[in-house]
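Worksheet: one structure, shown below.
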Amino acid sequence: MSAPRLKSVEFRREREGSWRDLERLVERAERRGLATLSAAELGRLPGLYRLATSSLSVARSISLDRNVVAYLDALCVRAYGCLYASRRGFLAALLDLVRVRIPSVVRARAGVVLAAYACILLGTLVGWVTTDAEPERFYAYVPSSLGDDRGPHASTDALRDVLYHREGSGTRLAAFAVHLFTHNTTVGVLAFAVGVLAGFPTALLLFYNGLVLGAFASLYASRGLGVDLWAWLLPHGVPELTAIALCGAAGFTLAEGLLFPGTRPRLESLARRGREAGVLVLGAALLLLLAGFVEGVLRQVIVDPTARVALALTLALGVAFWLTRGRAGAPP
Amino acid sequence: MTARAAPLVGADEGPRGVPVAVVTPEGVPLVFHAASLPERFVAILIDLGVLFGTIFLCALLVVVAGGLGDETSGVALSLVVFLLRFGYFTASELRRRGSTFGKRRVGLRVVDAAGGPLTAEAVVVRNLLRELELFLPLTLALGVAAGNFGSSATVAWLAVAWAFGFGLVPLFNARRMRIGDLFAGTLVVVVPRATLLADVSHADAKAANGGEAALAAPALAFSDAQLDVYGEFELQVLEDVLRKGRTGLQGTKPFVVVAERIAKKVGWAAPVRGADALPFLQAYYASLRARLEHRRLLGRRKADQHDREARPPR
């Protein structure tokens, strides 16, 4: 007697060729990257992938050969990885981020961005007023690594020199710029990351950075250098403070996802808010690069206080325009 | 008790993580296996090794090259540390299809938990939150160890312990998501490596006939009653026995044991001994699979031998 062939065996015989084909392509893409596939092979990839996923569905319902199901599962997972990993080139993704995603997320999260700014401003105000009342507080607010040769003990001339680099050597300047840049990025990333803890540490961090700013403002104002300080500070301060505020806003966004999931399951809410926060952080990273450029190059070239203020104004307008009027896109 | 909610892939023992179904845009649920804790741990160890190794090499280079002056070399080194700390994980997961060097060595990758493409912001979020889980407690611990906190060291150590708590989140969920994964909506999964093996129901017949199979024509005939003794679970266990036996490492002993057991249970009259065992098992496998697959097509699944779902569908 000859038993009828198993349907699952028939099915495998028919489809096996396309599976092997896909496996070869995926193998090569994994080893040497998608770019090494020829145009014809790239064109075949999605079709083969869909065939494999449909084979998987069929195999799950008709085949009891566990190896076939496991193999197809693995094959589909790997092909999925190749097809869905990175669809766009780096440059296209960056352009999209700058033109659409960052401005639209900033607008969608305008509330927390303003709240983050408010924390910094409040800190500045408190720092200013309290340092005015008692100059010794400067030492309590400003870490020694930042205020090394600037402080209530320094002479007015020394303070002025810092603003105009009368005697700073090139290396020292570069060292200072690198130090500031890494410091600011660290503060920003930390403000973002501790947002996980319901956002309170983020608010504290922003407030504290405001304190430092306020302490400096008070010190320089007391020596009659107020305008010079702001002219020195604002060109890079505008993008830098905005970057810190965006990082803080990202931290608050994480906290919001954790505390107020609304009608969504909490895990989904975390992921949704987390990605918005990620876009804000990317915006902050771009602004920090801009700040580094201004600090390292433009500020060394432009020394006149009026020109510096004009530069700061231009930057402020530019950043505001970018973040509020950028091309409209659907919020994520 | 019926075992209707059978796993998508047959019951799979072994050291694999929890299966997680991710529904692709095509609507097919793909079963990923979440990376297990040891795999994650080894991957992060390798990555940290790469990080600190690079920093160490750079420091060595600066010392050997000398001549740069303290300040310049200090700046250069701090820049390297900075770039690696914030850039290494993010850049490599963005560029190398969701896996850092360590993950690739272990065979892991990051995927979107919802089934979509892995986005840049998700990668940025999951890696910058490492700051909270790893670098913050590490910095704190180094600071305390260096005596920066003086008299309040006990309190500081408590703070360190508290901070390290964030890194322990993966211990408390089945999918081994850390805080970064939770907020980025990502999963770390095993990159599967399954190979397509020959079908055991006809492989030997195929080999004998030089390719074109006169398959699934079992030499032994079993009655329906004899086949109804077992279900899908036992069928797949038998598949494993046959596959492993084919490597020939274990000799024929397991076959004889299994065959005798089955023969006794289904009431097979003829004795199954020695060389008879393997053909008996293959024939029984082919017949059982044919019967179960046929029943499955008609909507009557039998998950295992205890499943009494032999009724027709309602």
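Each chain of the structure tokens is named A, B, ... in the order shown, its residues numbered from 1; ligands are numbered from 1 in display order.
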(request) Tell me the residues of chain B close to chain A, meaning within 8 Å using only C-alpha atoms, as number ranges by chain. (result) B: 8-10, 26, 28, 30-32, 71-72, 75, 79, 82, 94, 97-98, 111, 116-119, 121-122, 124-125, 128-129, 131-132, 182-185, 191-197, 199, 215-218, 232, 235-236, 239, 289-290, 292-293, 296-297
(request) Write out as a PyMOL selection string all residues of region 5-247 of chain B that backbone DSSP assigns to alpha helix (DSSP H). (result) chain B and resi 37-65+70-95+101-106+120-128+130+136-145+153-164+179-184+203-208+224-227+232-246
(message) Between B:Gly102, B:Gly115, B:Ala65, B:Leu140, which residue has the minimum interatomic distance to Gly27 (chain B), considering only C-alpha atoms?
(response) B:Gly115
(message) Could you list, as a PyMOL selection string, every residue within 12 Å of Leu241 (chain A), counting only C-alpha atoms and ignoring same-chain residues fewer than 2 positions away?
(response) chain A and resi 113+116-121+124+184-185+187-188+206+209-210+213+233-239+243-249+284-285+287-288+290-291+316+319
(request) Find the residues around Ser92 (chain B) up to 12 Å (only C-alpha atoms counted), leave out those fewer than 4 positions away in its own chain, and share them as a list in words. (result) Asp47, Leu84, Phe86, Gly87, Tyr88, Arg96, Arg97, Gly98, Ser99, Thr100, Phe101, Gly102, Lys103, Arg104, Arg109, Val110, Ala120, Val123, Val124 and Asn127 of chain B
(message) Considering only C-alpha atoms, can you say which of A:Leu229, A:Leu51, A:Ala40, A:Ala310 comes closest to Leu159 (chain A)?
(response) A:Leu229
(request) Excluding region 298-305 of chain B and any residue of its chain fewer than 6 positions from it, enumerate the residues within 6 Å of it, using only C-alpha atoms, and give them as a list in words. (result)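 Listed by chain and then number, they are Tyr230, Gly231, Glu232 and Phe233 of chain B.
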(request) Might you pull out every residue within 8 Å of Leu227 (chain B), with only C-alpha atoms counted and same-chain residues fewer than 2 positions away left off, and present them as a PyMOL selection string? (result) chain B and resi 222-225+229-230+266+287-288+291
(message) So that I can check the surroundings of Gly53 (chain B), please list as JSON, numbers by chain every protein, DNA and RNA residue that reaches within 12 Å of it, counting only C-alpha atoms and ignoring chain neighbours fewer than 6 positions away.
(response) {"B": [45, 46, 47, 59, 60, 80, 81, 84]}
(request) Using only C-alpha atoms, find the one residue out of A:Ala154, A:Leu289, A:Ala255, A:Ala221 that sits nearest to Ala203 (chain A). (result) A:Ala255
